[in-house]
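The file query-v6.cif comes next; it holds mmCIF, C-alpha atoms.
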data_coords
loop_
_atom_site.label_atom_id
_atom_site.label_comp_id
_atom_site.auth_asym_id
_atom_site.auth_seq_id
_atom_site.Cartn_x
_atom_site.Cartn_y
_atom_site.Cartn_z
CA MET A 1 -32.46 86.22 47.85
CA SER A 2 -30.74 84.47 44.94
CA GLY A 3 -26.98 84.81 45.14
CA ARG A 4 -27.10 86.45 48.57
CA ARG A 5 -23.90 86.63 50.60
CA VAL A 6 -24.18 86.63 54.40
CA ASN A 7 -21.14 87.86 56.32
CA VAL A 8 -20.03 86.73 59.77
CA ASN A 9 -16.94 88.08 61.56
CA VAL A 10 -14.73 85.52 63.30
CA GLY A 11 -11.99 86.82 65.57
CA VAL A 12 -8.59 85.12 65.68
CA LEU A 13 -7.16 85.81 69.13
CA GLY A 14 -4.43 84.31 71.29
CA HIS A 15 -0.97 84.73 72.78
CA ILE A 16 1.85 86.11 70.67
CA ASP A 17 3.54 83.52 68.41
CA SER A 18 0.71 81.03 68.75
CA GLY A 19 0.29 81.00 64.95
CA LYS A 20 -2.80 83.22 64.54
CA THR A 21 -1.71 84.88 61.29
CA ALA A 22 -0.57 81.56 59.83
CA LEU A 23 -3.99 80.10 60.67
CA ALA A 24 -5.78 83.04 59.02
CA ARG A 25 -3.61 82.59 55.93
CA ALA A 26 -4.33 78.85 55.77
CA LEU A 27 -8.09 79.41 55.99
CA SER A 28 -8.45 82.42 53.68
CA THR A 29 -9.08 82.62 49.96
CA THR A 30 -9.33 86.43 49.80
CA ALA A 31 -7.06 88.89 51.61
CA SER A 32 -7.42 92.62 52.19
CA THR A 33 -4.59 95.12 51.92
CA ALA A 34 -4.17 94.82 55.71
CA ALA A 35 -3.98 91.02 55.93
CA PHE A 36 -1.12 88.73 56.94
CA ASP A 37 1.21 91.37 58.45
CA LYS A 38 1.78 93.29 55.21
CA GLN A 39 2.95 96.38 57.08
CA PRO A 40 6.73 96.89 56.88
CA GLN A 41 6.86 97.36 60.66
CA SER A 42 5.12 94.02 61.20
CA ARG A 43 7.50 92.24 58.85
CA GLU A 44 10.52 93.86 60.51
CA ARG A 45 9.47 92.87 64.03
CA GLY A 46 7.92 89.56 63.04
CA ILE A 47 4.67 90.20 64.93
CA THR A 48 1.15 91.42 64.16
CA LEU A 49 0.79 95.12 64.99
CA ASP A 50 -2.67 95.92 63.60
CA LEU A 51 -5.92 94.18 62.75
CA GLY A 52 -5.75 91.99 59.65
CA PHE A 53 -8.77 91.13 57.52
CA SER A 54 -9.24 88.18 55.16
CA CYS A 55 -12.10 85.85 54.31
CA PHE A 56 -13.34 82.63 52.75
CA SER A 57 -16.79 81.52 51.64
CA VAL A 58 -18.79 78.32 51.95
CA PRO A 59 -22.35 77.47 50.84
CA LEU A 60 -24.84 78.80 53.37
CA PRO A 61 -25.93 75.85 55.56
CA ALA A 62 -29.61 74.90 55.35
CA ARG A 63 -30.07 75.52 59.08
CA LEU A 64 -29.05 79.17 58.59
CA ARG A 65 -31.23 79.84 55.55
CA SER A 66 -34.36 79.63 57.65
CA ALA A 67 -32.92 82.32 59.95
CA LEU A 68 -32.76 84.86 57.11
CA PRO A 69 -35.56 87.46 56.82
CA VAL A 70 -36.71 85.98 53.48
CA PRO A 71 -36.38 82.24 52.75
CA CYS A 72 -33.66 81.37 50.23
CA PRO A 73 -34.77 79.64 47.01
CA ALA A 74 -33.21 76.41 45.83
CA PRO A 75 -29.80 76.90 44.21
CA GLU A 76 -29.72 77.29 40.43
CA THR A 77 -26.47 76.75 38.57
CA GLY A 78 -23.78 77.70 41.09
CA PRO A 79 -22.67 80.17 43.75
CA GLU A 80 -22.63 83.18 41.44
CA HIS A 81 -26.17 82.55 40.13
CA GLY A 82 -28.30 81.18 42.90
CA GLU A 83 -26.68 79.47 45.87
CA PRO A 84 -26.45 81.79 48.90
CA GLN A 85 -23.00 82.00 50.41
CA LEU A 86 -21.73 82.29 53.97
CA GLN A 87 -18.73 84.62 53.98
CA ILE A 88 -16.53 84.19 57.03
CA THR A 89 -14.36 87.25 57.60
CA LEU A 90 -11.35 86.57 59.80
CA VAL A 91 -10.23 89.39 62.09
CA ASP A 92 -6.59 88.63 62.91
CA CYS A 93 -5.79 90.39 66.19
CA PRO A 94 -2.32 91.10 67.63
CA GLY A 95 -1.10 88.98 70.52
CA HIS A 96 1.45 91.28 72.16
CA ALA A 97 0.51 92.66 75.59
CA SER A 98 1.29 96.26 74.57
CA LEU A 99 -1.37 96.08 71.82
CA ILE A 100 -4.27 95.20 74.11
CA ARG A 101 -6.31 98.21 72.90
CA THR A 102 -6.08 96.96 69.33
CA ILE A 103 -7.13 93.50 70.49
CA ILE A 104 -10.18 94.96 72.27
CA GLY A 105 -11.03 96.98 69.15
CA GLY A 106 -11.02 93.81 67.08
CA ALA A 107 -13.08 91.90 69.64
CA GLN A 108 -15.88 94.48 69.49
CA ILE A 109 -16.85 93.52 65.94
CA ILE A 110 -16.65 89.72 66.07
CA ASP A 111 -19.58 87.31 66.14
CA LEU A 112 -17.54 84.23 67.05
CA MET A 113 -14.07 83.88 68.57
CA MET A 114 -11.30 81.45 67.72
CA LEU A 115 -8.89 81.20 70.65
CA VAL A 116 -5.59 79.95 69.20
CA ILE A 117 -3.44 77.99 71.65
CA ASP A 118 0.10 76.76 71.06
CA VAL A 119 -0.42 73.08 71.87
CA THR A 120 3.19 72.77 73.06
CA LYS A 121 2.74 75.56 75.66
CA GLY A 122 -0.93 75.66 76.62
CA MET A 123 -2.65 78.70 78.13
CA GLN A 124 -0.38 81.76 78.36
CA THR A 125 -0.79 85.30 79.66
CA GLN A 126 -2.41 86.87 76.60
CA SER A 127 -4.43 83.70 76.00
CA ALA A 128 -6.13 84.30 79.35
CA GLU A 129 -6.64 87.99 78.58
CA CYS A 130 -8.21 87.15 75.23
CA LEU A 131 -10.52 84.67 76.95
CA VAL A 132 -11.72 87.42 79.30
CA ILE A 133 -12.27 89.79 76.34
CA GLY A 134 -14.17 87.05 74.54
CA GLN A 135 -16.54 86.55 77.46
CA ILE A 136 -17.49 90.21 77.16
CA ALA A 137 -17.54 90.57 73.38
CA CYS A 138 -19.09 87.39 71.93
CA GLN A 139 -21.29 84.42 72.69
CA LYS A 140 -19.48 81.52 71.04
CA LEU A 141 -15.94 80.19 71.16
CA VAL A 142 -13.88 77.63 69.25
CA VAL A 143 -10.51 76.63 70.74
CA VAL A 144 -7.85 75.83 68.15
CA LEU A 145 -4.82 73.83 69.33
CA ASN A 146 -2.22 74.93 66.80
CA LYS A 147 1.25 73.55 65.99
CA MET A 148 0.33 69.92 66.54
CA ASP A 149 3.02 69.02 63.98
CA LEU A 150 5.66 69.95 66.59
CA LEU A 151 4.55 67.09 68.84
CA ALA A 152 6.37 63.78 68.58
CA GLU A 153 4.38 61.62 66.18
CA GLY A 154 4.25 58.64 68.51
CA LYS A 155 2.95 60.73 71.43
CA ARG A 156 0.95 63.29 69.41
CA GLN A 157 -2.56 62.07 70.11
CA ALA A 158 -1.84 61.57 73.83
CA ALA A 159 -0.44 65.13 74.08
CA ILE A 160 -3.47 66.55 72.22
CA ASP A 161 -5.87 64.68 74.52
CA LYS A 162 -4.00 65.96 77.58
CA MET A 163 -4.13 69.58 76.38
CA THR A 164 -7.80 69.20 75.44
CA LYS A 165 -8.62 68.15 79.01
CA LYS A 166 -6.65 71.11 80.39
CA MET A 167 -8.56 73.52 78.17
CA GLN A 168 -11.89 71.96 79.12
CA LYS A 169 -11.01 72.51 82.78
CA THR A 170 -9.97 76.11 82.05
CA LEU A 171 -13.31 76.82 80.33
CA GLU A 172 -15.35 75.08 83.02
CA ASN A 173 -16.09 78.25 84.99
CA THR A 174 -16.66 80.49 81.97
CA LYS A 175 -19.62 81.08 79.65
CA PHE A 176 -17.78 78.94 77.08
CA ARG A 177 -18.04 75.72 79.05
CA GLY A 178 -18.24 72.80 76.61
CA ALA A 179 -16.83 74.82 73.70
CA PRO A 180 -15.42 72.65 70.88
CA ILE A 181 -11.65 72.12 70.75
CA ILE A 182 -9.84 71.10 67.58
CA PRO A 183 -6.14 70.46 66.75
CA VAL A 184 -4.53 71.88 63.60
CA ALA A 185 -1.15 72.65 62.09
CA ALA A 186 -1.55 75.93 60.21
CA LYS A 187 2.10 76.07 59.09
CA PRO A 188 3.77 72.68 59.45
CA GLY A 189 7.48 73.04 60.10
CA GLY A 190 7.23 76.63 61.35
CA PRO A 191 7.58 80.03 59.62
CA GLU A 192 10.71 79.03 57.70
CA ALA A 193 9.24 75.84 56.26
CA PRO A 194 8.59 75.70 52.49
CA GLU A 195 5.11 76.61 51.24
CA THR A 196 4.75 73.12 49.77
CA GLU A 197 3.93 71.81 53.26
CA ALA A 198 0.12 71.54 53.37
CA PRO A 199 -1.71 72.71 56.52
CA GLN A 200 -3.31 69.99 58.61
CA GLY A 201 -6.83 69.99 60.02
CA ILE A 202 -8.04 73.06 58.10
CA SER A 203 -10.99 71.39 56.35
CA GLU A 204 -12.17 69.98 59.69
CA LEU A 205 -11.86 73.46 61.24
CA ILE A 206 -13.96 74.98 58.44
CA GLU A 207 -16.66 72.37 59.03
CA LEU A 208 -16.59 73.09 62.76
CA LEU A 209 -16.82 76.85 62.25
CA THR A 210 -19.73 76.43 59.85
CA SER A 211 -21.59 74.31 62.39
CA GLN A 212 -21.01 76.83 65.21
CA ILE A 213 -21.86 80.04 63.36
CA SER A 214 -25.22 81.74 63.72
CA ILE A 215 -26.52 84.69 61.69
CA PRO A 216 -25.83 87.96 63.57
CA MET A 217 -28.77 90.27 64.08
CA ARG A 218 -28.46 93.31 61.78
CA ASP A 219 -31.20 95.88 61.18
CA PRO A 220 -30.94 97.18 57.59
CA SER A 221 -33.86 99.56 58.15
CA GLY A 222 -32.41 101.24 61.24
CA PRO A 223 -30.11 104.27 61.45
CA PHE A 224 -26.76 103.81 59.74
CA LEU A 225 -24.19 102.69 62.31
CA MET A 226 -20.74 101.43 61.34
CA SER A 227 -17.98 100.30 63.67
CA VAL A 228 -14.64 101.47 62.24
CA ASP A 229 -12.34 98.48 61.87
CA HIS A 230 -9.33 99.82 60.04
CA CYS A 231 -7.92 102.99 58.51
CA PHE A 232 -4.99 103.05 56.11
CA SER A 233 -3.58 104.82 53.05
CA ILE A 234 -3.38 103.59 49.48
CA LYS A 235 -0.98 105.37 47.19
CA GLY A 236 -2.90 107.41 44.64
CA GLN A 237 -6.23 106.91 46.45
CA GLY A 238 -5.68 108.57 49.85
CA THR A 239 -7.11 107.46 53.17
CA VAL A 240 -9.33 104.37 53.14
CA MET A 241 -11.54 103.40 56.05
CA THR A 242 -13.20 100.02 56.48
CA GLY A 243 -15.79 98.95 59.00
CA THR A 244 -18.58 96.63 60.04
CA ILE A 245 -22.12 97.92 59.47
CA LEU A 246 -24.11 97.13 62.62
CA SER A 247 -27.40 98.67 61.44
CA GLY A 248 -28.80 100.56 58.49
CA SER A 249 -27.57 100.38 54.92
CA ILE A 250 -25.53 102.43 52.49
CA SER A 251 -25.17 102.77 48.74
CA LEU A 252 -22.26 103.66 46.49
CA GLY A 253 -21.80 107.44 46.33
CA ASP A 254 -23.56 108.23 49.64
CA SER A 255 -21.97 110.80 51.97
CA VAL A 256 -21.12 109.48 55.42
CA GLU A 257 -20.79 111.60 58.55
CA ILE A 258 -18.05 110.70 61.03
CA PRO A 259 -19.46 112.06 64.32
CA ALA A 260 -16.20 111.75 66.26
CA LEU A 261 -14.46 114.03 63.77
CA LYS A 262 -17.40 116.12 62.50
CA VAL A 263 -16.04 115.86 58.98
CA ILE A 264 -18.16 115.58 55.83
CA ASP A 265 -16.98 116.27 52.30
CA ASP A 266 -17.65 119.97 51.54
CA TYR A 267 -18.94 120.48 55.08
CA SER A 268 -15.73 121.49 56.80
CA VAL A 269 -13.20 124.30 56.56
CA ILE A 270 -10.06 125.26 58.44
CA GLY A 271 -9.86 128.69 60.06
CA ARG A 272 -6.61 130.43 60.90
CA SER A 273 -5.26 133.69 62.25
CA LEU A 274 -8.47 134.48 64.15
CA PHE A 275 -6.96 133.52 67.51
CA LYS A 276 -3.51 133.99 68.94
CA LYS A 277 -1.47 130.82 69.23
CA GLU A 278 -1.60 130.89 73.02
CA THR A 279 -5.43 131.09 73.05
CA ASN A 280 -7.28 128.09 74.46
CA ILE A 281 -9.56 127.51 71.49
CA GLN A 282 -11.40 124.73 73.35
CA LEU A 283 -13.24 127.50 75.23
CA PHE A 284 -14.78 128.60 71.92
CA VAL A 285 -15.84 125.15 70.69
CA GLY A 286 -19.55 125.15 69.82
CA LEU A 287 -19.76 128.89 69.11
CA LYS A 288 -21.18 130.12 65.82
CA VAL A 289 -19.12 131.98 63.25
CA HIS A 290 -20.25 133.70 60.06
CA LEU A 291 -18.32 133.37 56.82
CA SER A 292 -18.17 136.35 54.52
CA THR A 293 -19.56 134.07 51.81
CA GLY A 294 -22.82 133.80 53.77
CA GLU A 295 -22.57 130.40 55.47
CA LEU A 296 -23.04 129.82 59.17
CA GLY A 297 -20.39 127.65 60.80
CA ILE A 298 -19.71 126.15 64.22
CA ILE A 299 -16.24 125.92 65.76
CA ASP A 300 -15.61 122.23 66.11
CA SER A 301 -12.04 121.68 67.37
CA SER A 302 -8.52 123.07 67.37
CA PHE A 303 -5.13 121.89 66.18
CA GLY A 304 -3.02 122.10 69.33
CA GLN A 305 -1.34 125.47 69.86
CA SER A 306 -1.14 126.34 66.15
CA GLY A 307 -4.03 128.81 66.29
CA LYS A 308 -5.83 126.85 63.56
CA PHE A 309 -9.29 125.42 64.16
CA LYS A 310 -11.87 123.35 62.37
CA ILE A 311 -15.27 124.78 61.45
CA ASN A 312 -18.26 122.59 60.71
CA ILE A 313 -20.71 123.98 58.13
CA PRO A 314 -24.07 122.29 58.92
CA GLY A 315 -25.69 123.39 55.67
CA GLY A 316 -22.65 122.71 53.54
CA LEU A 317 -20.68 125.10 51.38
CA SER A 318 -22.49 126.63 48.42
CA PRO A 319 -21.06 126.03 44.92
CA GLU A 320 -19.93 129.67 44.82
CA SER A 321 -18.10 129.32 48.14
CA LYS A 322 -16.40 126.12 47.03
CA LYS A 323 -15.26 127.88 43.90
CA ILE A 324 -13.85 130.77 45.93
CA LEU A 325 -12.10 128.41 48.32
CA THR A 326 -10.55 126.33 45.54
CA PRO A 327 -6.82 126.88 46.06
CA ALA A 328 -4.78 128.50 43.36
CA LEU A 329 -1.70 126.70 42.06
CA LYS A 330 0.80 128.68 44.06
CA LYS A 331 2.53 128.23 47.38
CA ARG A 332 0.58 129.37 50.40
CA SER A 333 1.72 132.68 51.87
CA ARG A 334 1.06 134.10 55.31
CA ALA A 335 -2.68 134.45 55.96
CA SER A 336 -4.41 137.63 56.98
CA ARG A 337 -6.67 137.83 60.02
CA GLY A 338 -9.79 135.65 59.91
CA GLU A 339 -8.91 133.86 56.69
CA VAL A 340 -10.27 130.41 55.84
CA ALA A 341 -8.84 127.67 53.64
CA LYS A 342 -10.73 124.59 52.53
CA GLN A 343 -9.59 121.47 54.34
CA GLU A 344 -7.57 118.99 52.27
CA GLU A 345 -6.08 116.32 54.47
CA GLY A 346 -2.50 115.36 53.67
CA VAL A 347 -2.13 118.11 51.02
CA GLU A 348 -0.49 121.47 51.46
CA ARG A 349 -3.21 124.14 51.32
CA PRO A 350 -2.25 127.05 49.07
CA GLU A 351 -3.68 130.55 49.25
CA PRO A 352 -7.37 130.64 48.26
CA THR A 353 -8.23 132.48 45.07
CA GLN A 354 -10.20 135.02 47.13
CA HIS A 355 -10.03 135.99 50.81
CA VAL A 356 -12.85 134.71 52.99
CA THR A 357 -13.19 136.29 56.43
CA LEU A 358 -14.80 135.04 59.63
CA SER A 359 -16.95 136.94 62.09
CA LEU A 360 -17.23 135.76 65.70
CA SER A 361 -19.32 137.59 68.32
CA PHE A 362 -19.59 136.47 71.94
CA LYS A 363 -19.76 137.58 75.56
CA ARG A 364 -17.83 136.31 78.52
CA TYR A 365 -18.87 137.32 82.03
CA VAL A 366 -15.94 138.46 84.15
CA PHE A 367 -17.03 136.64 87.30
CA ASP A 368 -17.89 133.36 85.61
CA THR A 369 -15.49 130.84 87.18
CA HIS A 370 -16.00 128.45 84.24
CA LYS A 371 -15.19 131.18 81.70
CA HIS A 372 -18.15 130.20 79.52
CA MET A 373 -18.55 131.97 76.21
CA VAL A 374 -22.14 133.17 75.55
CA GLN A 375 -23.76 134.01 72.24
CA SER A 376 -27.17 135.41 71.38
CA PRO A 377 -29.60 132.87 69.87
#
I'd like the structure from this file rewritten - as structure tokens, please.
Amino acid sequence: MSGRRVNVNVGVLGHIDSGKTALARALSTTASTAAFDKQPQSRERGITLDLGFSCFSVPLPARLRSALPVPCPAPETGPEHGEPQLQITLVDCPGHASLIRTIIGGAQIIDLMMLVIDVTKGMQTQSAECLVIGQIACQKLVVVLNKMDLLAEGKRQAAIDKMTKKMQKTLENTKFRGAPIIPVAAKPGGPEAPETEAPQGISELIELLTSQISIPMRDPSGPFLMSVDHCFSIKGQGTVMTGTILSGSISLGDSVEIPALKVIDDYSVIGRSLFKKETNIQLFVGLKVHLSTGELGIIDSSFGQSGKFKINIPGGLSPESKKILTPALKKRSRASRGEVAKQEEGVERPEPTQHVTLSLSFKRYVFDTHKHMVQSP
């Protein structure tokens, strides 16, 4: 248990321009490639368009150590050697009404929710929507009254007390009745203010979060289940997918199946020229096809009206088949009937070094109103 790091996801939700991203930036010590509106589109429009991920760590509180499967030993010489750490991952969600699906996607993976309220405006439309989502998605809530620096200094505390009472009344008929409310100023002076302005109330917020967090129940021995959080491209690396593991465990180098796409490395090929472009390939999904290299495949999905379709190879391609399907270094020419090319996402697929043909046998009964395709076992 020495040196263990326990992760908890905290959602940052609220109305647009309430200062969610600024709050995440003020709290975080580590940022992912998708944090703090790094997308060019987000910078251009000045709003969060996708989920952002960042984190910070604190020593694991004593009250949480007893909740771990194995008791933690006493710390040795520091965080890296013995003291278990609580890693708080912040999920920065968009606030614009048109991005509600992204907000819901972020809410599905959080263990605790921070509802960020602009203290000068109070509850707004998306604030209320986020509160409803929070009641469905998580059990605990912390209300953060942001932008307290914009209040007149002489009337600041009175205005904070007034907004606190309003929020308490709003939460009265929800599952979050009695939830803690704390004022902060994540970016004093607003977005254009110099970085030398220190955030206010952040250390108190970290203490509050630490006191409210409980260890989420994860089953490392169960089947591997990961909720996909984010998918993006890194130049020179390709597509990168991140997620939250809800059960099971995984090790470096393991192959992972994506059931929604039926794609596994070396377990998928693209077929073309077997069907006419106007054919409804969805009618053939699930039927078995035989590759001339000996593998048995199953038609998985189609690519619109292109006539191309994806084939899942349950047993995987043999080394000989992979060698045959390795594309030659020449531009792809027009394929012949039933030809297959190995799938390489985002890369032009040249002509394979050797033709591989497909064989598909089926029956369709003339009077079947559903037009089902039937194959022999």
field: Answer key for the PyMOL selection byres ((chain A and resi 241) around 9), residues as an MDAnalysis selection string
entry: chainID A and resid 228:233 239:240 242:243
- request: Kindly give the distance, in Å, that separates CA of Lys121 (chain A) and CA of Ala26 (chain A), rounded to a single decimal.
  value: 21.4 Å
Top pick for closest residue to Glu192 (chain A), considering A:Ala22, A:Leu13, A:Ile133, A:Val285 and counting only C-alpha atoms: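 Between A:Ala22, A:Leu13, A:Ile133, A:Val285, the residue approaching Glu192 (chain A) most closely is A:Ala22.
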task: Please write as number ranges by chain the list of polymer residues whose atoms come within 6 Å of (-24.5, 79.0, 59.2), counting only C-alpha atoms and keeping to the coordinates of the file.
output: A: 60-61, 64, 210, 213-214
Filtering to C-alpha atoms, could you give me those residues as a short mmCIF file (atom, residue, chain, number, x, y, z; two decimals), in the frame of the given file?
data_model
loop_
_atom_site.label_atom_id
_atom_site.label_comp_id
_atom_site.auth_asym_id
_atom_site.auth_seq_id
_atom_site.Cartn_x
_atom_site.Cartn_y
_atom_site.Cartn_z
CA LEU A 60 -24.84 78.80 53.37
CA PRO A 61 -25.93 75.85 55.56
CA LEU A 64 -29.05 79.17 58.59
CA THR A 210 -19.73 76.43 59.85
CA ILE A 213 -21.86 80.04 63.36
CA SER A 214 -25.22 81.74 63.72
#
- prompt: Between A:Gly134, A:Gly271, A:Gly238, A:Pro220, which has the minimum distance to His355 (chain A) (counting all atoms listed in the file)?
  reply: A:Gly271
task: Mind giving me the straight-line distance from CA of Leu283 (chain A) to CA of Gly297 (chain A) in Å, one decimal?
output: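 According to the coordinates, CA of Leu283 (chain A) and CA of Gly297 (chain A) are separated by 16.1 Å.
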Neighbours of point (-22.5, 101.7, 61.7) within 7 Å, using only C-alpha atoms, written as a PDB file with C-alpha atoms, in the frame of the given file:
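Output contents, as saved in part-v1.pdb:
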ATOM      1  CA  PHE A 224     -26.760 103.810  59.740  1.00  0.00           C
ATOM      2  CA  LEU A 225     -24.190 102.690  62.310  1.00  0.00           C
ATOM      3  CA  MET A 226     -20.740 101.430  61.340  1.00  0.00           C
ATOM      4  CA  SER A 227     -17.980 100.300  63.670  1.00  0.00           C
ATOM      5  CA  THR A 244     -18.580  96.630  60.040  1.00  0.00           C
ATOM      6  CA  ILE A 245     -22.120  97.920  59.470  1.00  0.00           C
ATOM      7  CA  LEU A 246     -24.110  97.130  62.620  1.00  0.00           C
ATOM      8  CA  SER A 247     -27.400  98.670  61.440  1.00  0.00           C
TER       9      SER A 247
END
message: Could you list, as a list in words, every residue within 7 Å of region 53-57 of chain A, counting all atoms listed in the file and ignoring same-chain residues fewer than 5 positions away?
response: Leu27, Ser28, Thr29, Thr30, Ala31, Ser32, Ala34, Ala35, Gln85, Leu86, Gln87, Ile88, Thr89, Leu90, Val91 and Asp92 of chain A
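In this structure, CA of Leu296 (chain A) sits 28.3 Å away from CA of Ile250 (chain A).
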- request: Choose the residue, out of A:Gln157, A:Ser255, A:Gln375, A:Thr293, that has the smallest atom-to-atom separation from Ser321 (chain A); count all atoms listed in the file.
  value: A:Thr293
- prompt: Could you write out as a list in words the residues that the PyMOL selection byres ((chain A and resi 19) around 8) matches in the shown file?
  reply: Ile16, Asp17, Ser18, Lys20, Thr21, Ala22, Leu23, Val116, Asp118, Asn146, Lys147, Ala186 and Lys187 of chain A
- request: Determine, counting all atoms listed in the file, which protein, DNA and RNA residues have an atom within 10 Å of an atom of Leu205 (chain A); residues of the same chain fewer than 6 positions away are not included. Present the result as a VMD selection string.
  value: chain A and resid 27 142 144 181 to 184 211
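Minimum distance to Asp161 (chain A) across A:Ile109, A:Leu51, A:Met148, A:Leu291 (counting all atoms listed in the file) occurs at A:Met148.
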Explicit residues for the PyMOL selection byres ((chain A and resi 11) around 8) (as JSON, numbers by chain): {"A": [9, 10, 12, 13, 90, 91, 92, 93, 106, 107, 110, 111, 112, 113, 114]}
